[in-house]
$ cat data31.cif   # mmCIF, C-alpha atoms and all ligand atoms
data_input
#
loop_
_atom_site.label_atom_id
_atom_site.label_comp_id
_atom_site.auth_asym_id
_atom_site.auth_seq_id
_atom_site.Cartn_x
_atom_site.Cartn_y
_atom_site.Cartn_z
CA MET A 14 -13.14 11.60 49.82
CA ASP A 15 -16.68 10.40 49.23
CA ARG A 16 -18.87 11.15 46.28
CA LEU A 17 -22.52 11.92 45.94
CA PRO A 18 -24.82 8.98 45.22
CA GLY A 19 -25.47 8.74 41.51
CA ARG A 20 -22.26 10.55 40.69
CA ALA A 21 -20.40 7.26 40.69
CA ALA A 22 -22.50 5.90 37.88
CA GLN A 23 -22.07 9.10 35.87
CA THR A 24 -18.33 9.30 36.27
CA GLY A 25 -17.53 5.62 36.23
CA VAL A 26 -15.95 5.98 39.68
CA ILE A 27 -16.85 3.29 42.19
CA ARG A 28 -17.01 4.04 45.92
CA SER A 29 -14.91 2.04 48.31
CA HIS A 30 -18.12 1.12 50.20
CA PRO A 31 -20.75 0.05 47.68
CA PRO A 32 -24.18 1.19 48.92
CA GLY A 33 -25.70 -1.43 51.18
CA GLN A 34 -22.34 -3.19 51.67
CA PRO A 35 -20.50 -1.00 54.12
CA GLY A 36 -18.18 -3.81 55.19
CA LYS A 37 -16.85 -4.49 51.67
CA ARG A 38 -13.91 -2.31 50.87
CA SER A 39 -11.62 -2.03 47.91
CA VAL A 40 -8.12 -2.90 49.04
CA CYS A 41 -6.36 -0.71 46.51
CA SER A 42 -7.77 2.81 46.85
CA PRO A 43 -10.67 4.73 48.32
CA THR A 44 -12.23 5.36 44.91
CA VAL A 45 -11.43 3.54 41.70
CA ILE A 46 -12.25 4.10 38.07
CA ARG A 47 -14.11 1.28 36.38
CA ILE A 48 -12.11 -0.53 33.76
CA ASN A 49 -12.94 -1.98 30.36
CA GLN A 50 -13.77 -5.51 31.55
CA HIS A 51 -12.97 -6.99 28.17
CA TYR A 52 -9.26 -6.44 28.77
CA ARG A 53 -9.50 -9.00 31.57
CA LYS A 54 -10.32 -11.67 29.00
CA LEU A 55 -6.97 -11.24 27.25
CA GLN A 56 -4.48 -14.03 27.71
CA ALA A 57 -1.44 -13.05 29.80
CA GLY A 58 0.80 -10.58 27.97
CA TYR A 59 1.03 -9.76 24.29
CA LEU A 60 3.15 -12.48 22.66
CA PHE A 61 6.37 -10.59 21.93
CA PRO A 62 6.69 -8.79 25.27
CA GLU A 63 6.09 -12.18 26.88
CA ILE A 64 8.98 -13.66 24.91
CA ALA A 65 11.16 -10.67 25.80
CA ARG A 66 10.31 -11.24 29.47
CA ARG A 67 11.35 -14.88 29.28
CA VAL A 68 14.55 -13.99 27.43
CA SER A 69 15.43 -11.37 30.07
CA GLY A 70 14.94 -14.03 32.75
CA PHE A 71 17.25 -16.37 30.86
CA LEU A 72 19.89 -13.65 30.51
CA ARG A 73 19.66 -12.84 34.20
CA ASP A 74 20.46 -16.47 34.98
CA ASN A 75 23.00 -16.81 32.15
CA PRO A 76 24.68 -13.42 31.82
CA ASP A 77 27.39 -14.76 29.50
CA ALA A 78 24.99 -16.33 27.00
CA SER A 79 25.35 -15.05 23.44
CA LEU A 80 21.80 -15.11 22.17
CA ILE A 81 20.75 -15.03 18.53
CA LYS A 82 17.30 -13.52 18.15
CA LEU A 83 15.11 -14.90 15.39
CA GLY A 84 11.93 -14.22 17.33
CA ILE A 85 10.04 -11.01 16.63
CA GLY A 86 10.24 -10.04 12.96
CA ASP A 87 12.38 -6.98 13.53
CA VAL A 88 14.72 -5.82 10.78
CA THR A 89 18.45 -5.58 11.40
CA GLU A 90 19.83 -3.90 8.26
CA PRO A 91 20.25 -0.11 8.39
CA LEU A 92 18.11 2.25 6.33
CA CYS A 93 19.06 2.43 2.64
CA PRO A 94 21.07 5.48 1.48
CA ALA A 95 18.25 6.79 -0.74
CA ILE A 96 15.91 6.87 2.27
CA VAL A 97 18.51 8.43 4.57
CA THR A 98 19.28 11.16 2.03
CA ALA A 99 15.58 12.00 1.64
CA MET A 100 15.02 12.12 5.39
CA LYS A 101 18.11 14.28 5.96
CA ARG A 102 16.87 16.70 3.32
CA ALA A 103 13.49 16.79 5.06
CA VAL A 104 15.16 17.54 8.39
CA GLU A 105 17.01 20.42 6.73
CA GLU A 106 13.71 21.75 5.34
CA MET A 107 12.22 21.63 8.83
CA SER A 108 15.12 23.71 10.14
CA VAL A 109 14.34 26.68 7.86
CA ARG A 110 11.39 28.98 8.50
CA ASP A 111 10.25 29.08 4.87
CA SER A 112 10.17 25.32 4.41
CA PHE A 113 9.22 24.36 7.96
CA ARG A 114 5.98 22.35 8.23
CA GLY A 115 3.65 21.87 11.16
CA TYR A 116 0.66 19.52 11.09
CA GLY A 117 0.40 17.71 7.81
CA PRO A 118 -2.71 16.25 6.15
CA GLU A 119 -4.05 13.44 8.36
CA ARG A 120 -4.30 11.06 5.43
CA GLY A 121 -0.74 11.72 4.33
CA TYR A 122 1.06 14.07 1.93
CA ASP A 123 0.14 13.83 -1.74
CA PHE A 124 3.78 13.30 -2.70
CA LEU A 125 3.76 9.96 -0.82
CA ILE A 126 0.21 9.00 -1.80
CA ASP A 127 1.02 9.57 -5.48
CA ALA A 128 4.19 7.48 -5.17
CA ILE A 129 2.19 4.68 -3.53
CA ILE A 130 -0.52 4.74 -6.18
CA GLU A 131 1.96 4.72 -9.03
CA GLY A 132 4.42 2.24 -7.50
CA ASP A 133 2.05 -0.26 -5.90
CA TYR A 134 -1.19 -0.02 -7.82
CA THR A 135 -1.17 1.67 -11.26
CA SER A 136 1.87 -0.42 -12.14
CA ARG A 137 -0.28 -3.53 -11.50
CA GLY A 138 -3.27 -2.27 -13.42
CA ILE A 139 -5.21 -1.29 -10.29
CA SER A 140 -6.99 2.02 -10.11
CA ILE A 141 -6.90 3.66 -6.66
CA ASP A 142 -8.00 7.21 -5.93
CA ARG A 143 -5.80 9.48 -3.79
CA SER A 144 -8.57 9.79 -1.23
CA GLU A 145 -8.62 6.01 -0.73
CA ILE A 146 -5.11 5.90 0.77
CA PHE A 147 -4.62 6.56 4.49
CA VAL A 148 -0.97 6.92 5.48
CA SER A 149 -0.32 5.98 9.10
CA ASP A 150 2.45 5.18 11.54
CA GLY A 151 2.10 1.42 11.28
CA SER A 152 0.05 -1.55 10.17
CA LYS A 153 -0.10 -2.88 13.70
CA CYS A 154 -2.10 0.21 14.70
CA ASP A 155 -4.23 0.10 11.56
CA SER A 156 -5.06 -3.59 11.87
CA GLY A 157 -5.84 -3.11 15.56
CA ASN A 158 -7.95 0.00 15.03
CA ILE A 159 -9.96 -0.89 11.94
CA GLN A 160 -12.50 -2.97 13.90
CA GLU A 161 -13.71 0.24 15.60
CA VAL A 162 -15.84 1.24 12.64
CA PHE A 163 -17.90 -1.96 12.73
CA HIS A 164 -20.81 -2.87 14.97
CA ARG A 165 -19.94 -4.68 18.15
CA ASP A 166 -22.07 -7.65 17.10
CA VAL A 167 -20.38 -8.39 13.79
CA ILE A 168 -19.08 -11.94 13.57
CA VAL A 169 -15.33 -11.98 13.10
CA ALA A 170 -13.28 -14.81 11.61
CA VAL A 171 -9.53 -15.25 11.89
CA THR A 172 -7.19 -17.91 10.67
CA ASP A 173 -5.54 -20.04 13.30
CA PRO A 174 -2.58 -19.48 13.73
CA VAL A 175 -2.91 -15.73 13.35
CA TYR A 176 -1.15 -12.42 13.99
CA PRO A 177 -2.41 -11.83 17.56
CA VAL A 178 -3.39 -8.17 17.01
CA TYR A 179 -6.49 -9.09 14.99
CA VAL A 180 -7.80 -11.23 17.83
CA ASP A 181 -6.79 -9.10 20.80
CA SER A 182 -8.20 -5.88 19.36
CA ASN A 183 -11.60 -7.56 18.91
CA VAL A 184 -11.45 -8.98 22.42
CA MET A 185 -10.72 -5.49 23.78
CA ALA A 186 -13.71 -4.16 21.85
CA GLY A 187 -16.02 -6.66 23.55
CA ARG A 188 -16.75 -8.80 20.51
CA THR A 189 -15.91 -12.05 22.26
CA GLY A 190 -16.57 -14.06 25.36
CA ARG A 191 -13.80 -15.62 27.38
CA ALA A 192 -11.06 -17.85 26.03
CA ASN A 193 -11.35 -21.61 26.44
CA ASP A 194 -8.55 -23.90 27.62
CA GLN A 195 -7.06 -23.82 24.15
CA GLY A 196 -6.97 -20.04 24.12
CA GLN A 197 -9.83 -19.65 21.64
CA TYR A 198 -12.32 -16.90 22.38
CA ASP A 199 -15.99 -17.63 22.45
CA GLY A 200 -17.70 -15.72 19.64
CA LEU A 201 -14.77 -15.66 17.21
CA VAL A 202 -14.76 -17.99 14.23
CA TYR A 203 -11.42 -19.77 13.87
CA LEU A 204 -10.28 -21.10 10.51
CA PRO A 205 -7.55 -23.65 11.12
CA ALA A 206 -4.55 -23.22 8.79
CA THR A 207 -2.92 -26.62 8.87
CA GLU A 208 -0.64 -28.85 6.83
CA ALA A 209 -3.80 -30.61 5.60
CA ASN A 210 -5.05 -27.44 3.85
CA ASP A 211 -1.59 -26.11 2.95
CA PHE A 212 -2.10 -23.40 5.58
CA ALA A 213 -4.77 -21.85 3.35
CA PRO A 214 -8.19 -22.36 4.99
CA PRO A 215 -11.21 -22.04 2.72
CA PRO A 216 -14.00 -19.53 3.45
CA PRO A 217 -16.32 -20.73 6.20
CA ASP A 218 -19.85 -22.01 5.63
CA GLN A 219 -21.13 -20.38 8.78
CA SER A 220 -22.17 -16.76 9.01
CA VAL A 221 -19.21 -14.35 9.19
CA ASP A 222 -19.18 -10.58 8.62
CA LEU A 223 -15.51 -9.73 8.85
CA VAL A 224 -12.45 -11.84 8.11
CA TYR A 225 -8.76 -11.07 8.50
CA LEU A 226 -6.46 -12.54 5.85
CA CYS A 227 -2.70 -12.06 5.79
CA SER A 228 -0.59 -12.86 2.74
CA PRO A 229 2.32 -13.54 2.69
CA ASN A 230 1.28 -14.99 5.97
CA ASN A 231 2.52 -14.16 9.38
CA PRO A 232 3.28 -16.61 10.98
CA THR A 233 3.17 -19.54 8.52
CA GLY A 234 5.08 -17.83 5.68
CA THR A 235 2.65 -19.19 3.08
CA VAL A 236 1.35 -16.99 0.29
CA ALA A 237 -2.13 -16.74 -1.25
CA THR A 238 -2.45 -17.62 -4.91
CA ARG A 239 -4.65 -15.63 -7.25
CA GLU A 240 -7.15 -18.51 -7.30
CA TYR A 241 -7.30 -18.64 -3.52
CA LEU A 242 -7.96 -14.91 -3.24
CA ARG A 243 -10.60 -15.16 -5.95
CA THR A 244 -12.44 -17.75 -3.83
CA TRP A 245 -12.44 -15.38 -0.87
CA VAL A 246 -13.53 -12.35 -2.88
CA GLU A 247 -16.43 -14.31 -4.40
CA TRP A 248 -17.42 -15.57 -0.97
CA ALA A 249 -17.29 -12.06 0.54
CA ARG A 250 -19.33 -10.55 -2.28
CA GLN A 251 -21.99 -13.25 -2.06
CA ARG A 252 -22.26 -12.96 1.72
CA GLY A 253 -21.88 -9.21 2.06
CA ALA A 254 -18.80 -9.86 4.20
CA LEU A 255 -15.70 -7.71 4.44
CA ILE A 256 -12.07 -8.83 4.13
CA ILE A 257 -9.24 -7.08 5.95
CA PHE A 258 -6.27 -7.99 3.77
CA ASP A 259 -2.95 -7.53 5.53
CA ALA A 260 -0.24 -7.36 2.87
CA ALA A 261 2.56 -6.14 5.15
CA TYR A 262 4.94 -8.71 3.65
CA GLU A 263 4.01 -8.41 -0.05
CA SER A 264 7.47 -7.20 -1.06
CA PHE A 265 8.89 -10.61 -0.14
CA ILE A 266 6.94 -12.33 -2.92
CA THR A 267 9.43 -13.76 -5.39
CA ASP A 268 7.11 -15.40 -7.93
CA PRO A 269 5.75 -12.85 -10.47
CA GLU A 270 2.55 -14.92 -10.85
CA LEU A 271 1.54 -14.37 -7.23
CA PRO A 272 -0.72 -11.43 -6.32
CA HIS A 273 0.71 -8.61 -4.18
CA SER A 274 -2.64 -6.89 -3.71
CA ILE A 275 -6.14 -8.24 -3.18
CA TYR A 276 -7.27 -5.59 -5.67
CA GLU A 277 -5.64 -7.66 -8.42
CA ILE A 278 -8.81 -9.74 -8.06
CA ASP A 279 -11.88 -8.38 -9.85
CA GLY A 280 -14.53 -7.13 -7.47
CA ALA A 281 -12.22 -6.86 -4.45
CA LYS A 282 -12.68 -3.12 -4.15
CA SER A 283 -16.26 -3.69 -3.10
CA CYS A 284 -15.38 -6.11 -0.30
CA ALA A 285 -11.81 -5.56 0.92
CA ILE A 286 -9.62 -3.17 2.85
CA GLU A 287 -5.89 -3.57 2.26
CA MET A 288 -3.00 -2.77 4.61
CA ARG A 289 0.62 -2.27 3.64
CA SER A 290 3.69 -1.37 5.63
CA PHE A 291 7.17 0.04 5.11
CA SER A 292 8.40 -1.80 8.22
CA LYS A 293 9.79 -4.91 6.61
CA ARG A 294 9.84 -3.62 3.08
CA ALA A 295 12.22 -0.74 3.83
CA GLY A 296 13.48 -1.29 7.37
CA PHE A 297 10.97 1.09 8.98
CA THR A 298 10.15 -0.92 12.13
CA GLY A 299 11.70 1.90 14.17
CA VAL A 300 10.85 4.70 11.73
CA ARG A 301 7.13 3.89 11.47
CA CYS A 302 5.12 4.32 8.29
CA ALA A 303 2.36 2.28 6.67
CA PHE A 304 -0.87 2.81 4.79
CA THR A 305 -4.38 1.42 4.53
CA VAL A 306 -6.51 1.44 1.40
CA VAL A 307 -10.23 1.90 1.97
CA PRO A 308 -12.06 1.94 -1.38
CA ARG A 309 -14.87 4.44 -1.69
CA GLU A 310 -17.26 1.80 -3.04
CA LEU A 311 -16.95 -0.33 0.10
CA MET A 312 -20.31 -0.21 1.89
CA GLY A 313 -21.58 -1.13 5.31
CA ALA A 314 -25.11 -0.78 6.62
CA ASP A 315 -26.56 1.37 9.39
CA GLU A 316 -29.22 0.31 11.90
CA ASN A 317 -31.93 0.72 9.24
CA GLY A 318 -30.04 -1.36 6.72
CA ASP A 319 -29.18 1.73 4.67
CA PRO A 320 -25.77 1.77 2.99
CA VAL A 321 -22.94 3.75 4.56
CA ALA A 322 -19.49 4.17 3.00
CA ILE A 323 -16.85 2.56 5.23
CA HIS A 324 -14.47 5.14 3.79
CA SER A 325 -16.35 7.99 5.45
CA LEU A 326 -16.17 6.25 8.84
CA TRP A 327 -12.47 5.44 8.60
CA ASN A 328 -11.77 8.97 7.37
CA ARG A 329 -13.63 10.33 10.40
CA ARG A 330 -11.79 8.02 12.74
CA HIS A 331 -8.39 8.71 11.22
CA SER A 332 -8.78 12.48 11.25
CA THR A 333 -10.12 12.47 14.81
CA LYS A 334 -7.56 10.18 16.39
CA PHE A 335 -4.48 10.69 14.24
CA ASN A 336 -2.52 13.76 13.19
CA GLY A 337 -0.57 12.25 10.33
CA ALA A 338 2.79 10.48 10.09
CA SER A 339 5.75 12.83 10.35
CA TYR A 340 6.82 14.79 7.28
CA ILE A 341 10.39 13.48 7.59
CA VAL A 342 9.22 9.87 7.70
CA GLN A 343 6.89 10.36 4.72
CA ARG A 344 9.76 11.81 2.69
CA GLY A 345 11.73 8.68 3.60
CA ALA A 346 8.83 6.47 2.51
CA GLN A 347 8.52 8.38 -0.76
CA ALA A 348 12.19 7.65 -1.47
CA VAL A 349 11.43 3.90 -1.33
CA TYR A 350 9.72 4.35 -4.72
CA SER A 351 12.61 6.21 -6.36
CA ALA A 352 14.80 4.24 -8.78
CA GLN A 353 17.59 4.09 -6.20
CA GLY A 354 15.18 3.34 -3.39
CA LEU A 355 13.65 0.41 -5.28
CA GLU A 356 17.05 -0.99 -6.10
CA GLN A 357 18.42 -0.60 -2.58
CA THR A 358 15.37 -1.88 -0.71
CA GLY A 359 15.09 -4.71 -3.25
CA ALA A 360 18.67 -5.73 -2.43
CA GLN A 361 17.87 -5.65 1.27
CA ILE A 362 14.85 -7.88 0.80
CA SER A 363 16.94 -10.30 -1.29
CA PHE A 364 19.46 -10.36 1.53
CA TYR A 365 16.78 -11.41 4.04
CA MET A 366 15.33 -13.89 1.59
CA GLU A 367 18.73 -15.52 1.24
CA ASN A 368 18.71 -15.91 5.04
CA ALA A 369 15.27 -17.49 4.70
CA ARG A 370 16.56 -19.88 2.03
CA LEU A 371 19.52 -20.89 4.19
CA LEU A 372 17.28 -21.54 7.17
CA ARG A 373 14.74 -23.44 5.12
CA GLU A 374 17.19 -25.64 3.27
CA SER A 375 19.61 -26.31 6.13
CA LEU A 376 16.90 -27.18 8.60
CA THR A 377 15.14 -29.37 6.03
CA ASN A 378 18.44 -31.17 5.35
CA SER A 379 18.81 -31.75 9.09
CA GLY A 380 15.49 -33.54 9.25
CA PHE A 381 13.11 -30.74 10.27
CA THR A 382 9.82 -30.34 8.44
CA VAL A 383 9.88 -26.75 7.25
CA TYR A 384 7.29 -24.50 5.60
CA GLY A 385 7.34 -20.87 4.48
CA GLY A 386 10.45 -18.85 3.78
CA GLN A 387 9.92 -18.65 0.02
CA HIS A 388 7.72 -15.58 -0.28
CA ALA A 389 7.95 -14.43 3.30
CA PRO A 390 10.67 -13.78 5.85
CA TYR A 391 9.20 -16.41 8.18
CA ILE A 392 10.08 -20.08 8.50
CA TRP A 393 7.37 -22.25 10.01
CA LEU A 394 8.87 -25.47 11.28
CA LYS A 395 7.41 -28.48 13.00
CA THR A 396 8.83 -29.06 16.44
CA PRO A 397 10.81 -32.31 16.77
CA ASN A 398 8.75 -35.27 18.01
CA ARG A 399 5.65 -33.11 18.34
CA MET A 400 7.20 -31.22 21.20
CA PRO A 401 4.90 -28.47 22.59
CA SER A 402 6.05 -25.21 21.08
CA TRP A 403 6.80 -23.40 24.38
CA GLU A 404 8.84 -26.43 25.41
CA PHE A 405 10.78 -26.16 22.14
CA PHE A 406 11.23 -22.43 22.83
CA ASN A 407 12.81 -23.28 26.21
CA GLN A 408 14.99 -26.03 24.76
CA LEU A 409 16.17 -23.85 21.90
CA LEU A 410 17.06 -21.14 24.39
CA ASP A 411 18.87 -23.54 26.75
CA ARG A 412 20.61 -25.74 24.22
CA ALA A 413 21.26 -23.40 21.29
CA GLN A 414 20.79 -19.93 22.79
CA VAL A 415 18.54 -19.12 19.87
CA VAL A 416 15.26 -17.23 20.34
CA GLY A 417 12.26 -17.99 18.15
CA THR A 418 8.50 -17.71 18.49
CA PRO A 419 6.37 -20.62 19.72
CA GLY A 420 3.58 -21.46 17.30
CA ALA A 421 1.07 -21.78 20.14
CA GLY A 422 1.47 -18.03 20.69
CA PHE A 423 -0.35 -17.52 17.38
CA GLY A 424 -3.24 -19.85 18.22
CA PRO A 425 -3.93 -23.50 19.06
CA SER A 426 -3.31 -24.73 15.50
CA GLY A 427 0.21 -23.29 15.87
CA GLU A 428 0.95 -25.84 18.59
CA GLU A 429 3.84 -28.16 17.64
CA PHE A 430 5.08 -25.48 15.23
CA PHE A 431 7.72 -22.83 15.68
CA ARG A 432 8.44 -19.59 13.81
CA LEU A 433 11.94 -18.42 12.95
CA SER A 434 12.46 -15.02 11.39
CA ALA A 435 14.98 -14.39 8.63
CA PHE A 436 15.74 -10.88 9.90
CA ASN A 437 19.32 -10.96 11.09
CA SER A 438 22.89 -10.72 9.85
CA ARG A 439 24.21 -13.54 7.67
CA ASN A 440 26.71 -14.52 10.35
CA ASN A 441 24.03 -14.81 12.98
CA VAL A 442 21.73 -16.83 10.73
CA GLU A 443 24.54 -19.23 9.83
CA GLU A 444 25.56 -19.52 13.46
CA ALA A 445 21.92 -20.12 14.48
CA ILE A 446 21.58 -22.87 11.89
CA SER A 447 24.73 -24.54 13.12
CA ARG A 448 23.62 -24.33 16.76
CA ILE A 449 20.09 -25.60 16.07
CA THR A 450 21.23 -28.53 13.96
CA THR A 451 23.91 -29.49 16.51
CA ALA A 452 21.48 -29.25 19.41
CA PHE A 453 18.71 -31.23 17.74
CA SER A 454 20.52 -33.75 15.56
C1 LIG B 501 6.08 -10.22 14.09
O1 LIG B 501 7.16 -10.63 14.49
O2 LIG B 501 5.08 -10.95 14.01
C2 LIG B 501 5.96 -8.80 13.68
O3 LIG B 501 7.19 -8.17 13.72
C3 LIG B 501 5.06 -8.10 14.59
C4 LIG B 501 4.59 -6.83 13.99
O4 LIG B 501 4.82 -6.54 12.82
O5 LIG B 501 3.93 -6.12 14.73
#
$ encode --input "data31.cif" --output "structure tokens" --more "lines below"
Ligand code: MLT
Amino acid sequence: MDRLPGRAAQTGVIRSHPPGQPGKRSVCSPTVIRINQHYRKLQAGYLFPEIARRVSGFLRDNPDASLIKLGIGDVTEPLCPAIVTAMKRAVEEMSVRDSFRGYGPERGYDFLIDAIIEGDYTSRGISIDRSEIFVSDGSKCDSGNIQEVFHRDVIVAVTDPVYPVYVDSNVMAGRTGRANDQGQYDGLVYLPATEANDFAPPPPDQSVDLVYLCSPNNPTGTVATREYLRTWVEWARQRGALIIFDAAYESFITDPELPHSIYEIDGAKSCAIEMRSFSKRAGFTGVRCAFTVVPRELMGADENGDPVAIHSLWNRRHSTKFNGASYIVQRGAQAVYSAQGLEQTGAQISFYMENARLLRESLTNSGFTVYGGQHAPYIWLKTPNRMPSWEFFNQLLDRAQVVGTPGAGFGPSGEEFFRLSAFNSRNNVEEAISRITTAFS
């Protein structure tokens, strides 16, 4: 099939014989759709599928291996009874004509939004309006999608190491050039989070419009103090910059002095968007529910420099591209805030945090240098003898049959570090500790 000249440009379909080059022919198909070139800049696969691929290869060669997975931060404990009861009741409602529900409100049901406001914000002295909460099916999607409402030319800063979604979604959107040999993309501003700055980089001096902060941090497990967040909020307000604050792990904070929300800092509502998730807090990695807070006073500027509410853009985006999290799931999330739900999910978090303590203390006692694991389910350890982190990944797999996440997968400053997750059964964590310390003593 051939197409009319000019039609190709309109449809984005390229002919197999570009005009004037009759000899050049696509090898794959007679006509091909043009792709988003920016995807070609992305490094290999997304980190966790890449690890899964390597683990599958290992298991193919070693079918009898008994692996312990402390790689991706995926929960292992079953849903709490309070959540299960609420979801079962919701399923029953959906089975009866009178209580059946079809599409729900895109931003989420008021019963969940009210529970969120009361449980996460009013209780901390923060005033959030119902309309400022956007319930979704995950923080990964929200943190990947939020960049859509900003101009392609905004300058984006990320910490290094960093949760890869912030970087990759901006690469896909065409905000960067290619990656250099170290895996850093031209056009992004990297803020190294190192031992020297306690994994808490200060705001940059150079011009930045948008910065992603994550606390408690994935992957380093460090947590932002009130003072640290204040520095960022002041910086953002002075510069007219915007902070995306990813608080997916806030429920793992054990020190009552530490902030759970960036809105605990005065002025943050005029410069920050906050993201929260039920994934790790209530075992929802497979259930899917999260929310994003976009304050109404948060302003961007249009091409004339006139103010535009970011809220209106995100609301437009959310209601165009999303039809709401499921009713059953939202009833489950609401139950997290019930007295029983708080007690049961709190016990689950304590269980994981005990795993984190065991990992942290045992590995420290065996001579590893270990960070994190006190307010986050992640342990950030230095590889022995400055071993490259993918090499340590291979050795850990071969010698201990334990899977972790190489620090280099989170950015060049993660090289010579390794992330272990505390999400597993007690037996597996104890067994992993014993295998790691035996293999590397
Ligand atoms: C992680 O292991 O970093 C997280 O589980 C990934 C995620 O939350 O998407």
$ atom_distance --input "data31.cif" --atom1 "CA of Phe147 (chain A)" --atom2 "CA of Val306 (chain A)"
6.3 Å
$ residues_near_ligand --input "data31.cif" --ligand "ligand LIG 501 (chain B)" --cutoff "10 Å" --atoms "all atoms listed in the file" --output "PDB file with C-alpha atoms, keeping the file's coordinate frame"
ATOM      1  CA  LEU A  60       3.150 -12.480  22.660  1.00  0.00           C
ATOM      2  CA  PHE A  61       6.370 -10.590  21.930  1.00  0.00           C
ATOM      3  CA  LEU A  83      15.110 -14.900  15.390  1.00  0.00           C
ATOM      4  CA  GLY A  84      11.930 -14.220  17.330  1.00  0.00           C
ATOM      5  CA  ILE A  85      10.040 -11.010  16.630  1.00  0.00           C
ATOM      6  CA  GLY A  86      10.240 -10.040  12.960  1.00  0.00           C
ATOM      7  CA  ASP A  87      12.380  -6.980  13.530  1.00  0.00           C
ATOM      8  CA  VAL A  88      14.720  -5.820  10.780  1.00  0.00           C
ATOM      9  CA  GLY A 151       2.100   1.420  11.280  1.00  0.00           C
ATOM     10  CA  SER A 152       0.050  -1.550  10.170  1.00  0.00           C
ATOM     11  CA  LYS A 153      -0.100  -2.880  13.700  1.00  0.00           C
ATOM     12  CA  CYS A 154      -2.100   0.210  14.700  1.00  0.00           C
ATOM     13  CA  SER A 156      -5.060  -3.590  11.870  1.00  0.00           C
ATOM     14  CA  VAL A 175      -2.910 -15.730  13.350  1.00  0.00           C
ATOM     15  CA  TYR A 176      -1.150 -12.420  13.990  1.00  0.00           C
ATOM     16  CA  PRO A 177      -2.410 -11.830  17.560  1.00  0.00           C
ATOM     17  CA  VAL A 178      -3.390  -8.170  17.010  1.00  0.00           C
ATOM     18  CA  ASN A 230       1.280 -14.990   5.970  1.00  0.00           C
ATOM     19  CA  ASN A 231       2.520 -14.160   9.380  1.00  0.00           C
ATOM     20  CA  PRO A 232       3.280 -16.610  10.980  1.00  0.00           C
ATOM     21  CA  ALA A 261       2.560  -6.140   5.150  1.00  0.00           C
ATOM     22  CA  TYR A 262       4.940  -8.710   3.650  1.00  0.00           C
ATOM     23  CA  SER A 290       3.690  -1.370   5.630  1.00  0.00           C
ATOM     24  CA  SER A 292       8.400  -1.800   8.220  1.00  0.00           C
ATOM     25  CA  LYS A 293       9.790  -4.910   6.610  1.00  0.00           C
ATOM     26  CA  THR A 298      10.150  -0.920  12.130  1.00  0.00           C
ATOM     27  CA  PRO A 390      10.670 -13.780   5.850  1.00  0.00           C
ATOM     28  CA  TYR A 391       9.200 -16.410   8.180  1.00  0.00           C
ATOM     29  CA  GLY A 417      12.260 -17.990  18.150  1.00  0.00           C
ATOM     30  CA  THR A 418       8.500 -17.710  18.490  1.00  0.00           C
ATOM     31  CA  PHE A 423      -0.350 -17.520  17.380  1.00  0.00           C
ATOM     32  CA  ARG A 432       8.440 -19.590  13.810  1.00  0.00           C
ATOM     33  CA  LEU A 433      11.940 -18.420  12.950  1.00  0.00           C
ATOM     34  CA  SER A 434      12.460 -15.020  11.390  1.00  0.00           C
ATOM     35  CA  PHE A 436      15.740 -10.880   9.900  1.00  0.00           C
TER      36      PHE A 436
END
$ atom_distance --input "data31.cif" --atom1 "CA of Arg309 (chain A)" --atom2 "CA of Thr172 (chain A)"
26.7 Å
$ atom_distance --input "data31.cif" --atom1 "CA of Gly354 (chain A)" --atom2 "CA of Gly115 (chain A)"
26.2 Å
$ residues_around --input "data31.cif" --residues "Ile129 (chain A)" --least-positions-apart "6" --cutoff "9 Å" --atoms "only C-alpha atoms" --output "number ranges by chain"
A: 135, 146, 347, 350
$ residues_near_point --input "data31.cif" --point "(-6.4, -6.2, 27.6)" --cutoff "9 Å" --atoms "all atoms listed in the file" --output "list in words"
Asn49, Gln50, His51, Tyr52, Arg53, Lys54, Leu55, Gln56, Ala57, Gly58, Tyr59, Asp181, Ser182, Val184 and Met185 of chain A
$ closest_residue --input "data31.cif" --among "A:Gly359, A:Gly200, A:Pro62, A:Gly157" --to "Gly422 (chain A)" --atoms "only C-alpha atoms"
A:Pro62
$ closest_residue --input "data31.cif" --among "A:Ala369, A:Ala389, A:Ala348, A:Leu410" --to "Lys101 (chain A)" --atoms "only C-alpha atoms"
A:Ala348
$ residues_around --input "data31.cif" --residues "Ile126 (chain A)" --least-positions-apart "2" --cutoff "10 Å" --atoms "all atoms listed in the file" --output "list in words"
Arg120, Gly121, Tyr122, Asp123, Phe124, Ala128, Ile129, Ile130, Glu131, Gly132, Asp142, Arg143, Ser144, Glu145, Ile146, Phe147, Val148, Phe304, Gln343, Ala346 and Gln347 of chain A
$ closest_residue --input "data31.cif" --among "A:Leu125, A:Val342, A:Gly337, A:Phe364" --to "Asn437 (chain A)" --atoms "all atoms listed in the file"
A:Phe364
$ closest_residue --input "data31.cif" --among "A:Pro397, A:Leu242, A:Gly196, A:Ala170" --to "Asp218 (chain A)" --atoms "only C-alpha atoms"
A:Ala170
$ closest_residue --input "data31.cif" --among "A:Ile362, A:Ile159, A:Ile449, A:Ile341" --to "Thr89 (chain A)" --atoms "only C-alpha atoms"
A:Ile362
$ axis_aligned_box --input "data31.cif" --around "region 183-192 of chain A" --padding-each-side "4 Å" --output "lines of an AutoDock Vina configuration file"
center_x = -13.7
center_y = -11.0
center_z = 23.1
size_x = 14.0
size_y = 21.7
size_z = 16.5
$ closest_residue --input "data31.cif" --among "A:Ser379, A:Gln414, A:Ser112, A:Ser438" --to "Phe453 (chain A)" --atoms "all atoms listed in the file"
A:Ser379
